[in-house]
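Q: This is the content of model30.cif (mmCIF, C-alpha atoms and all ligand atoms):
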data_upload
#
loop_
_atom_site.label_atom_id
_atom_site.label_comp_id
_atom_site.auth_asym_id
_atom_site.auth_seq_id
_atom_site.Cartn_x
_atom_site.Cartn_y
_atom_site.Cartn_z
CA ASN A 1 -202.47 -0.66 303.38
CA PRO A 2 -201.14 2.90 303.72
CA GLU A 3 -203.25 5.31 305.75
CA GLY A 4 -206.17 6.64 303.80
CA ALA A 5 -205.86 4.15 300.95
CA PRO A 6 -208.98 2.06 300.44
CA THR A 7 -208.67 -1.67 301.21
CA PRO A 8 -208.20 -3.50 297.91
CA TYR A 9 -210.90 -5.92 296.80
CA ILE A 10 -210.28 -9.59 297.64
CA ALA A 11 -212.95 -12.31 297.55
CA GLU A 12 -213.15 -16.09 297.41
CA LYS A 13 -214.80 -17.59 294.35
CA GLY A 14 -214.86 -21.39 294.60
CA ALA A 15 -211.43 -22.73 293.72
CA PHE A 16 -210.22 -19.18 293.08
CA PHE A 17 -209.74 -15.82 294.64
CA GLU A 18 -210.86 -12.71 292.87
CA VAL A 19 -208.33 -9.96 293.49
CA GLU A 20 -208.06 -6.30 292.57
CA VAL A 21 -205.47 -5.08 290.09
CA LEU A 22 -203.40 -2.38 291.80
CA SER A 23 -201.03 -1.23 289.07
CA VAL A 24 -200.07 -2.01 285.47
CA LYS A 25 -196.94 -1.14 283.53
CA HIS A 26 -196.45 -1.71 279.84
CA TYR A 27 -192.90 -2.27 278.56
CA THR A 28 -193.29 -3.05 274.87
CA GLU A 29 -196.02 -3.96 272.40
CA THR A 30 -195.76 -7.53 273.69
CA LEU A 31 -194.76 -7.23 277.37
CA PHE A 32 -196.34 -5.81 280.52
CA ALA A 33 -196.31 -6.32 284.29
CA PHE A 34 -199.07 -5.90 286.83
CA ARG A 35 -199.57 -6.07 290.57
CA THR A 36 -202.63 -7.33 292.44
CA ALA A 37 -203.91 -7.53 295.99
CA ARG A 38 -202.78 -10.65 297.86
CA PRO A 39 -205.18 -12.67 299.99
CA GLN A 40 -203.79 -13.18 303.47
CA SER A 41 -204.12 -16.96 303.19
CA PHE A 42 -202.33 -17.09 299.81
CA ARG A 43 -198.93 -18.70 300.48
CA PHE A 44 -196.31 -19.79 297.95
CA ARG A 45 -192.63 -20.64 297.63
CA ALA A 46 -190.44 -18.24 295.65
CA GLY A 47 -190.24 -19.50 292.04
CA GLU A 48 -193.69 -21.14 291.91
CA PHE A 49 -196.48 -20.51 289.41
CA VAL A 50 -200.25 -20.28 289.82
CA MET A 51 -203.30 -20.17 287.54
CA ILE A 52 -204.60 -16.69 286.87
CA GLY A 53 -207.31 -15.51 284.55
CA LEU A 54 -210.41 -13.55 283.70
CA GLU A 55 -214.10 -14.41 283.69
CA GLY A 56 -215.18 -15.57 280.22
CA GLU A 57 -218.55 -15.67 278.47
CA LYS A 58 -219.26 -19.25 279.56
CA LYS A 59 -216.34 -20.16 281.81
CA PRO A 60 -213.23 -18.44 283.10
CA VAL A 61 -210.10 -18.30 280.90
CA LEU A 62 -207.14 -19.39 283.01
CA ARG A 63 -203.42 -19.73 282.32
CA ALA A 64 -200.32 -20.61 284.33
CA TYR A 65 -198.29 -17.61 285.54
CA SER A 66 -195.10 -17.46 287.55
CA ILE A 67 -195.40 -15.32 290.64
CA ALA A 68 -192.81 -12.57 290.12
CA SER A 69 -193.03 -11.03 293.59
CA PRO A 70 -191.17 -12.35 296.64
CA THR A 71 -192.99 -14.21 299.42
CA TRP A 72 -192.71 -11.30 301.87
CA ASP A 73 -194.48 -8.83 299.55
CA GLU A 74 -198.00 -7.77 300.55
CA GLU A 75 -198.96 -7.65 296.89
CA LEU A 76 -198.53 -10.11 294.03
CA GLU A 77 -196.67 -9.25 290.83
CA PHE A 78 -196.90 -10.89 287.41
CA TYR A 79 -194.95 -10.30 284.20
CA SER A 80 -196.85 -11.09 281.03
CA ILE A 81 -196.64 -11.58 277.33
CA LYS A 82 -199.34 -10.14 275.05
CA VAL A 83 -200.06 -12.83 272.47
CA PRO A 84 -201.84 -11.33 269.45
CA GLY A 85 -205.25 -13.03 269.42
CA GLY A 86 -204.33 -14.97 272.59
CA GLN A 87 -207.41 -16.15 274.46
CA LEU A 88 -206.30 -14.71 277.79
CA THR A 89 -203.70 -12.08 277.04
CA SER A 90 -205.60 -10.27 274.27
CA ARG A 91 -207.94 -9.27 277.14
CA LEU A 92 -205.50 -9.31 280.05
CA LYS A 93 -203.36 -6.69 278.29
CA ASP A 94 -206.16 -4.15 278.79
CA ILE A 95 -206.55 -4.55 282.56
CA ARG A 96 -206.38 -1.39 284.64
CA PRO A 97 -206.12 -0.62 288.35
CA GLY A 98 -209.46 -1.38 289.96
CA ASP A 99 -210.23 -4.33 287.62
CA ARG A 100 -210.35 -7.85 289.03
CA VAL A 101 -208.48 -11.01 288.06
CA LEU A 102 -208.92 -14.62 289.14
CA LEU A 103 -206.11 -16.16 291.17
CA GLY A 104 -205.77 -19.91 291.78
CA LYS A 105 -205.40 -21.18 295.33
CA LYS A 106 -202.66 -23.75 294.70
CA PRO A 107 -199.27 -22.43 293.58
CA THR A 108 -196.81 -25.12 292.48
CA GLY A 109 -193.64 -25.61 290.46
CA THR A 110 -190.08 -26.92 290.28
CA LEU A 111 -188.07 -23.67 290.29
CA VAL A 112 -187.77 -23.70 294.06
CA ALA A 113 -184.67 -23.67 296.22
CA ASP A 114 -185.82 -26.88 297.94
CA ALA A 115 -185.38 -28.79 294.66
CA LEU A 116 -181.65 -28.02 294.64
CA ARG A 117 -178.84 -29.54 296.63
CA PRO A 118 -176.80 -27.03 298.63
CA GLY A 119 -174.20 -25.18 296.54
CA ARG A 120 -172.16 -22.00 296.49
CA ARG A 121 -173.34 -20.22 293.35
CA LEU A 122 -176.86 -20.24 291.93
CA TYR A 123 -177.32 -19.57 288.20
CA LEU A 124 -180.77 -18.41 287.09
CA PHE A 125 -180.88 -18.72 283.28
CA SER A 126 -183.88 -17.02 281.67
CA THR A 127 -185.17 -15.95 278.27
CA GLY A 128 -188.22 -13.78 277.54
CA THR A 129 -190.91 -13.91 280.23
CA GLY A 130 -188.90 -16.74 281.81
CA ILE A 131 -187.37 -14.09 284.07
CA ALA A 132 -190.65 -13.94 286.06
CA PRO A 133 -189.96 -16.72 288.62
CA PHE A 134 -186.45 -15.35 289.12
CA ALA A 135 -187.86 -11.89 289.83
CA SER A 136 -189.32 -13.55 292.90
CA LEU A 137 -186.21 -15.55 293.82
CA ILE A 138 -183.71 -12.67 293.61
CA ARG A 139 -185.87 -10.70 296.06
CA GLU A 140 -185.94 -13.54 298.58
CA PRO A 141 -183.50 -13.20 301.51
CA ASP A 142 -183.55 -17.00 301.98
CA VAL A 143 -181.90 -17.47 298.57
CA TYR A 144 -178.90 -15.41 299.71
CA GLU A 145 -178.74 -17.46 302.89
CA ARG A 146 -178.51 -20.65 300.84
CA PHE A 147 -176.09 -19.39 298.18
CA GLU A 148 -173.04 -17.15 298.36
CA GLU A 149 -173.73 -15.77 294.91
CA VAL A 150 -176.73 -15.54 292.63
CA VAL A 151 -176.16 -15.03 288.89
CA LEU A 152 -179.24 -13.97 286.92
CA THR A 153 -179.02 -14.13 283.13
CA HIS A 154 -181.73 -12.79 280.83
CA THR A 155 -181.65 -13.03 277.04
CA CYS A 156 -184.26 -11.54 274.73
CA ARG A 157 -184.52 -10.67 271.08
CA THR A 158 -184.29 -6.91 271.61
CA GLN A 159 -182.90 -4.43 274.12
CA ALA A 160 -186.40 -3.06 274.86
CA GLU A 161 -187.44 -6.52 276.05
CA LEU A 162 -184.75 -6.40 278.75
CA ALA A 163 -186.25 -3.35 280.49
CA TYR A 164 -188.31 -5.20 283.12
CA GLY A 165 -185.24 -7.14 284.27
CA GLU A 166 -183.01 -4.07 284.33
CA GLU A 167 -185.52 -2.13 286.42
CA LEU A 168 -186.00 -5.09 288.71
CA VAL A 169 -182.29 -5.52 289.44
CA ASP A 170 -181.82 -1.76 289.97
CA ALA A 171 -184.66 -1.85 292.49
CA VAL A 172 -183.29 -4.93 294.28
CA ARG A 173 -179.92 -3.24 294.79
CA VAL A 174 -181.50 -0.33 296.71
CA ASP A 175 -184.31 -2.28 298.38
CA PRO A 176 -184.39 -1.73 302.16
CA LEU A 177 -185.00 -5.43 302.85
CA VAL A 178 -183.03 -7.40 300.22
CA GLY A 179 -180.55 -4.75 299.09
CA GLU A 180 -178.08 -5.74 301.78
CA PHE A 181 -178.37 -9.46 301.03
CA ALA A 182 -177.86 -8.83 297.32
CA ALA A 183 -174.98 -6.37 297.75
CA GLY A 184 -171.95 -7.72 295.91
CA ARG A 185 -173.63 -11.11 295.58
CA LEU A 186 -176.25 -10.63 292.90
CA VAL A 187 -174.60 -10.81 289.48
CA TYR A 188 -176.77 -9.70 286.57
CA PHE A 189 -176.05 -10.44 282.92
CA ASN A 190 -178.29 -9.75 279.95
CA SER A 191 -177.95 -10.11 276.18
CA VAL A 192 -179.90 -9.68 272.96
CA THR A 193 -180.00 -11.85 269.86
CA ARG A 194 -181.80 -9.94 267.13
CA GLU A 195 -180.23 -6.51 267.27
CA ASP A 196 -176.96 -4.93 268.26
CA GLY A 197 -176.29 -4.18 271.91
CA PRO A 198 -173.61 -4.14 274.60
CA ARG A 199 -173.89 -7.94 274.91
CA VAL A 200 -175.05 -10.09 272.02
CA GLY A 201 -175.71 -13.82 271.81
CA ARG A 202 -177.83 -16.76 272.88
CA ILE A 203 -177.07 -17.90 276.42
CA THR A 204 -176.30 -21.40 275.14
CA ASP A 205 -173.59 -20.05 272.81
CA LEU A 206 -172.17 -17.81 275.53
CA ILE A 207 -171.94 -20.75 277.95
CA GLU A 208 -170.40 -22.99 275.32
CA ASN A 209 -167.79 -20.51 274.07
CA GLY A 210 -167.06 -19.29 277.59
CA ARG A 211 -167.87 -15.64 276.83
CA LEU A 212 -170.47 -15.52 279.62
CA PHE A 213 -167.87 -16.42 282.24
CA GLU A 214 -165.31 -13.98 280.83
CA MET A 215 -167.88 -11.19 280.88
CA ILE A 216 -169.08 -11.83 284.44
CA GLY A 217 -165.61 -12.70 285.72
CA ARG A 218 -166.58 -16.11 287.12
CA GLU A 219 -165.25 -19.64 286.53
CA PRO A 220 -167.04 -21.88 284.00
CA LEU A 221 -169.90 -24.07 285.24
CA ASP A 222 -168.92 -26.74 287.74
CA PRO A 223 -171.39 -29.07 289.48
CA ALA A 224 -169.14 -29.24 292.55
CA ARG A 225 -169.90 -25.57 293.23
CA ASP A 226 -172.74 -24.38 291.03
CA ARG A 227 -176.49 -24.96 290.91
CA ALA A 228 -178.85 -23.79 288.17
CA MET A 229 -182.46 -23.03 287.37
CA VAL A 230 -183.63 -22.56 283.79
CA CYS A 231 -186.82 -20.89 282.56
CA GLY A 232 -187.61 -20.21 278.91
CA SER A 233 -189.11 -21.82 275.82
CA PHE A 234 -189.01 -25.59 275.40
CA ALA A 235 -186.10 -25.20 272.96
CA VAL A 236 -184.09 -23.18 275.50
CA LEU A 237 -184.76 -25.71 278.27
CA THR A 238 -183.70 -28.61 276.08
CA ASP A 239 -180.48 -26.95 274.97
CA VAL A 240 -179.43 -25.60 278.37
CA LYS A 241 -180.28 -28.94 279.98
CA THR A 242 -177.97 -30.71 277.52
CA LEU A 243 -175.16 -28.24 278.27
CA LEU A 244 -175.60 -28.78 282.01
CA GLU A 245 -175.78 -32.57 281.76
CA THR A 246 -172.68 -32.65 279.57
CA ARG A 247 -170.92 -30.86 282.42
CA GLY A 248 -172.04 -33.43 285.00
CA PHE A 249 -175.07 -31.62 286.47
CA GLU A 250 -177.99 -33.82 287.59
CA GLU A 251 -181.60 -32.69 287.25
CA GLY A 252 -183.54 -32.32 290.49
CA SER A 253 -187.18 -32.14 291.52
CA ASN A 254 -189.22 -31.34 294.61
CA ALA A 255 -189.09 -35.03 295.57
CA ARG A 256 -185.40 -35.46 294.78
CA PRO A 257 -183.15 -32.38 294.95
CA GLY A 258 -180.43 -32.14 292.29
CA ASP A 259 -177.95 -29.73 290.71
CA PHE A 260 -180.43 -28.03 288.37
CA VAL A 261 -184.15 -27.63 287.70
CA VAL A 262 -186.05 -26.42 284.65
CA GLU A 263 -189.53 -25.10 283.89
CA LYS A 264 -191.26 -23.99 280.71
CA ALA A 265 -192.04 -20.28 280.56
CA PHE A 266 -194.94 -21.21 278.25
CA SER A 267 -196.27 -24.09 276.14
CA GLY A 268 -196.01 -23.89 272.37
CA GLU A 269 -193.49 -22.39 270.00
CA GLY A 270 -193.64 -18.80 271.24
CA ILE A 271 -194.70 -15.68 269.36
P1 LIG B 1 -202.13 -19.08 274.62
O1 LIG B 1 -203.21 -19.70 273.77
O2 LIG B 1 -201.95 -19.65 275.98
O3 LIG B 1 -200.74 -19.09 273.89
C1 LIG B 1 -200.67 -18.95 272.48
C2 LIG B 1 -199.23 -19.13 272.07
O4 LIG B 1 -198.49 -17.99 272.46
C3 LIG B 1 -198.51 -20.30 272.74
O5 LIG B 1 -198.73 -21.52 272.06
C4 LIG B 1 -197.10 -19.87 272.66
O6 LIG B 1 -196.58 -20.18 271.37
C5 LIG B 1 -197.17 -18.34 272.79
N1 LIG B 1 -196.88 -17.90 274.18
C6 LIG B 1 -197.65 -18.06 275.27
N2 LIG B 1 -197.05 -17.53 276.37
C7 LIG B 1 -195.88 -17.01 275.95
C8 LIG B 1 -194.82 -16.34 276.61
N3 LIG B 1 -194.87 -16.11 277.96
N4 LIG B 1 -193.76 -15.94 275.88
C9 LIG B 1 -193.73 -16.17 274.55
N5 LIG B 1 -194.69 -16.81 273.86
C10 LIG B 1 -195.76 -17.23 274.55
N6 LIG B 1 -196.73 -16.36 280.49
C11 LIG B 1 -196.38 -15.13 280.90
O7 LIG B 1 -196.58 -14.17 280.16
N7 LIG B 1 -195.82 -14.93 282.12
C12 LIG B 1 -195.57 -15.94 282.98
O8 LIG B 1 -195.08 -15.72 284.09
C13 LIG B 1 -195.91 -17.26 282.57
N8 LIG B 1 -195.67 -18.34 283.36
C14 LIG B 1 -195.95 -19.59 282.91
C15 LIG B 1 -195.63 -20.70 283.70
C16 LIG B 1 -195.89 -21.99 283.23
C17 LIG B 1 -195.51 -23.17 284.10
C18 LIG B 1 -196.50 -22.18 281.97
C19 LIG B 1 -196.80 -23.57 281.43
C20 LIG B 1 -196.86 -21.09 281.19
C21 LIG B 1 -196.58 -19.78 281.64
N9 LIG B 1 -196.91 -18.67 280.88
C22 LIG B 1 -196.54 -17.42 281.29
C23 LIG B 1 -197.69 -18.78 279.62
C24 LIG B 1 -199.17 -18.52 279.93
O9 LIG B 1 -199.68 -19.64 280.64
C25 LIG B 1 -200.04 -18.28 278.69
O10 LIG B 1 -199.69 -19.13 277.66
C26 LIG B 1 -199.94 -16.84 278.20
O11 LIG B 1 -200.49 -16.00 279.19
C27 LIG B 1 -200.67 -16.60 276.91
O12 LIG B 1 -202.05 -16.90 277.09
P2 LIG B 1 -203.06 -16.73 275.89
O13 LIG B 1 -204.35 -17.41 276.28
O14 LIG B 1 -203.16 -15.30 275.50
O15 LIG B 1 -202.41 -17.52 274.70
P1 LIG B 2 -182.97 -16.05 268.90
O1 LIG B 2 -183.36 -14.65 268.62
O2 LIG B 2 -181.62 -16.41 268.34
O3 LIG B 2 -184.03 -17.06 268.52
P2 LIG B 2 -188.29 -16.04 272.15
O4 LIG B 2 -188.69 -14.59 272.19
O5 LIG B 2 -188.44 -16.68 270.81
O6 LIG B 2 -188.91 -16.84 273.28
O7 LIG B 2 -186.73 -16.05 272.43
C1 LIG B 2 -186.18 -15.47 273.59
C2 LIG B 2 -184.68 -15.56 273.50
O8 LIG B 2 -184.30 -16.94 273.57
C3 LIG B 2 -184.15 -15.03 272.17
O9 LIG B 2 -183.01 -14.26 272.46
C4 LIG B 2 -183.82 -16.30 271.42
O10 LIG B 2 -182.74 -16.16 270.50
C5 LIG B 2 -183.39 -17.22 272.52
N1 LIG B 2 -183.49 -18.64 272.12
C6 LIG B 2 -184.44 -19.22 271.35
N2 LIG B 2 -184.20 -20.54 271.20
C7 LIG B 2 -183.08 -20.81 271.89
C8 LIG B 2 -182.33 -22.00 272.14
N3 LIG B 2 -182.69 -23.18 271.64
N4 LIG B 2 -181.23 -21.89 272.91
C9 LIG B 2 -180.84 -20.70 273.43
N5 LIG B 2 -181.52 -19.55 273.24
C10 LIG B 2 -182.62 -19.59 272.48
#
Written as structure tokens, how would this file's structure read?

A:
Amino acid sequence: NPEGAPTPYIAEKGAFFEVEVLSVKHYTETLFAFRTARPQSFRFRAGEFVMIGLEGEKKPVLRAYSIASPTWDEELEFYSIKVPGGQLTSRLKDIRPGDRVLLGKKPTGTLVADALRPGRRLYLFSTGTGIAPFASLIREPDVYERFEEVVLTHTCRTQAELAYGEELVDAVRVDPLVGEFAAGRLVYFNSVTREDGPRVGRITDLIENGRLFEMIGREPLDPARDRAMVCGSFAVLTDVKTLLETRGFEEGSNARPGDFVVEKAFSGEGI
């Protein structure tokens, strides 16, 4: 809390906290990010998700959200879709600094470093808002202690939808805390699928035809060296999982660490 700034609002409300929104940034008609106050007792592992929401007429409207900020951050960050007519996001999209959101007390999830066996290179494959858990992980010094290299991929329909990730990676590279960890070891690759751009193609195609590895200058996937996390639509998870399993990667979980882990970025078909 910088000198002179008022203490942000934080309260307990049964199974939830109620926390103040500190900042909001809109990227496109369908994407925005926001930051909230963080209760001191709110602990999580990088990559986990938590329920967040707004009070409703009868009961609160809550949805799962990946925590996009790293564990050392005093604030919490979230990256959100705006679903037209969506029960939560048609209202959440209008939040402003000073408003309050509900925050669950029990973060959980499979996209955590503990669910992976040790390895040299960590691939973080994301599409759409699936970049959110990786926004936390690439800002976590511990991830660079576990892996020599971290490769973040982000694929969206349009170039404008890549902006959050581009800004994030630029900020990581100059960050006083993680910048040094990430220097020369965070590899960032993005592509689009529904318009022209510097890099075009679905991540599955780019893995399969080897273009990804040519473009980033790294060897093709190998379970002896590489580990992976995948976050995107159900279709993306299914297809990337098949590619990984074909190459000998074994799926892991919190209870039984493996070579890769997956998590849905949302339920349903997408918008
Ligand atoms: P809903 O009624 O929940 O959704 C309506 C439809 O919109 C869905 O059926 C689906 O087809 C589509 N949709 C929902 N979310 C998305 C999305 N993110 N991208 C594309 N299409 C979508 N959403 C985020 O924006 N950021 C996150 O970090 C995030 N993390 C999640 C983590 C988990 C484990 C899960 C299961 C979901 C996550 N979601 C995330 C989705 C989120 O829970 C809500 O679905 C979303 O906020 C929309 O809520 P809604 O009530 O407006 O619409
Ligand atoms: P595409 O435009 O070819 O469908 P969405 O916004 O629908 O969640 O998609 C996000 C990105 O994920 C888009 O670039 C989309 O490509 C891509 N995508 C969708 N389905 C798959 C899949 N089964 N495998 C790989 N990429 C996919």

Q: Identify, on the basis of all atoms listed in the file, every residue whose closest approach to Arg157 in chain A does not exceed 10 Å; exclude the query and any residue fewer than 3 positions from it along the same chain; express the result as a list in words.

A: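 Counting only the stated atoms, we get Thr127, Gly128, Ala160, Glu161, Leu162, Ser191, Val192, Thr193, Arg194, Glu195, Asp196, Val200, Gly201 and Arg202 of chain A.
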
Q: So how far away is atom N3 of ligand LIG 2 (chain B) from CA of Glu77 in chain A, in Å?

A: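 Between CA of Glu77 in chain A and atom N3 of ligand LIG 2 (chain B) the gap works out to 27.5 Å.
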
Q: With all atoms listed in the file as the counted atoms, please give the residues lying no more than 9 Å from Val19 in chain A, apart from itself and same-chain residues fewer than 6 positions off, as an MDAnalysis selection string.

A: chainID A and resid 8:12 36:39 99:103

Q: Please produce an output containing C-alpha atoms for each residue in the selection, written as a short mmCIF file (atom, residue, chain, number, x, y, z; two decimals), keeping the file's coordinate frame.

A:
data_model
loop_
_atom_site.label_atom_id
_atom_site.label_comp_id
_atom_site.auth_asym_id
_atom_site.auth_seq_id
_atom_site.Cartn_x
_atom_site.Cartn_y
_atom_site.Cartn_z
CA PRO A 8 -208.20 -3.50 297.91
CA TYR A 9 -210.90 -5.92 296.80
CA ILE A 10 -210.28 -9.59 297.64
CA ALA A 11 -212.95 -12.31 297.55
CA GLU A 12 -213.15 -16.09 297.41
CA THR A 36 -202.63 -7.33 292.44
CA ALA A 37 -203.91 -7.53 295.99
CA ARG A 38 -202.78 -10.65 297.86
CA PRO A 39 -205.18 -12.67 299.99
CA ASP A 99 -210.23 -4.33 287.62
CA ARG A 100 -210.35 -7.85 289.03
CA VAL A 101 -208.48 -11.01 288.06
CA LEU A 102 -208.92 -14.62 289.14
CA LEU A 103 -206.11 -16.16 291.17
#

Q: Report the closest atom pair, with its distance in Å rounded to one decimal, for each residue of chain A that has an atom no farther than 6 Å from ligand LIG 1 (chain B); count only C-alpha atoms and all ligand atoms, sort by chain and then rising residue number, and write it as JSON lines.

A:
{"residue": "A:Phe49", "atom": "CA", "partner": "B:LIG1", "partner_atom": "C15", "distance": 5.8}
{"residue": "A:Arg63", "atom": "CA", "partner": "B:LIG1", "partner_atom": "O9", "distance": 4.1}
{"residue": "A:Ala64", "atom": "CA", "partner": "B:LIG1", "partner_atom": "O9", "distance": 3.9}
{"residue": "A:Tyr65", "atom": "CA", "partner": "B:LIG1", "partner_atom": "N8", "distance": 3.5}
{"residue": "A:Ser66", "atom": "CA", "partner": "B:LIG1", "partner_atom": "O8", "distance": 3.9}
{"residue": "A:Tyr79", "atom": "CA", "partner": "B:LIG1", "partner_atom": "N7", "distance": 5.1}
{"residue": "A:Ser80", "atom": "CA", "partner": "B:LIG1", "partner_atom": "O7", "distance": 3.2}
{"residue": "A:Ile81", "atom": "CA", "partner": "B:LIG1", "partner_atom": "O7", "distance": 3.8}
{"residue": "A:Val83", "atom": "CA", "partner": "B:LIG1", "partner_atom": "O14", "distance": 5.0}
{"residue": "A:Gly86", "atom": "CA", "partner": "B:LIG1", "partner_atom": "O14", "distance": 3.2}
{"residue": "A:Gln87", "atom": "CA", "partner": "B:LIG1", "partner_atom": "O13", "distance": 3.8}
{"residue": "A:Leu88", "atom": "CA", "partner": "B:LIG1", "partner_atom": "O13", "distance": 3.7}
{"residue": "A:Thr89", "atom": "CA", "partner": "B:LIG1", "partner_atom": "O14", "distance": 3.6}
{"residue": "A:Ser90", "atom": "CA", "partner": "B:LIG1", "partner_atom": "O14", "distance": 5.7}
{"residue": "A:Thr129", "atom": "CA", "partner": "B:LIG1", "partner_atom": "N3", "distance": 5.1}
{"residue": "A:Ala132", "atom": "CA", "partner": "B:LIG1", "partner_atom": "O8", "distance": 5.2}
{"residue": "A:Lys264", "atom": "CA", "partner": "B:LIG1", "partner_atom": "C17", "distance": 5.5}
{"residue": "A:Ala265", "atom": "CA", "partner": "B:LIG1", "partner_atom": "C14", "distance": 4.6}
{"residue": "A:Phe266", "atom": "CA", "partner": "B:LIG1", "partner_atom": "C20", "distance": 3.5}
{"residue": "A:Ser267", "atom": "CA", "partner": "B:LIG1", "partner_atom": "C19", "distance": 5.3}
{"residue": "A:Gly268", "atom": "CA", "partner": "B:LIG1", "partner_atom": "O5", "distance": 3.6}
{"residue": "A:Glu269", "atom": "CA", "partner": "B:LIG1", "partner_atom": "O6", "distance": 4.0}
{"residue": "A:Gly270", "atom": "CA", "partner": "B:LIG1", "partner_atom": "O6", "distance": 3.3}
{"residue": "A:Ile271", "atom": "CA", "partner": "B:LIG1", "partner_atom": "N5", "distance": 4.6}

Q: Residues at most 9 Å from range 207-223 of chain A, counting all atoms listed in the file, excluding those fewer than 6 positions away in the same chain, as a ChimeraX atom specification?

A: /A:119,151,187-189,240,243-244,247-250,259

Q: What is the distance between CA of Asp239 in chain A and CA of Glu48 in chain A, in Å to one decimal?

A: 22.3 Å

Q: Quick one: pull the distance between CA of Ser23 in chain A and CA of Arg35 in chain A, Å, one decimal.

A: 5.3 Å
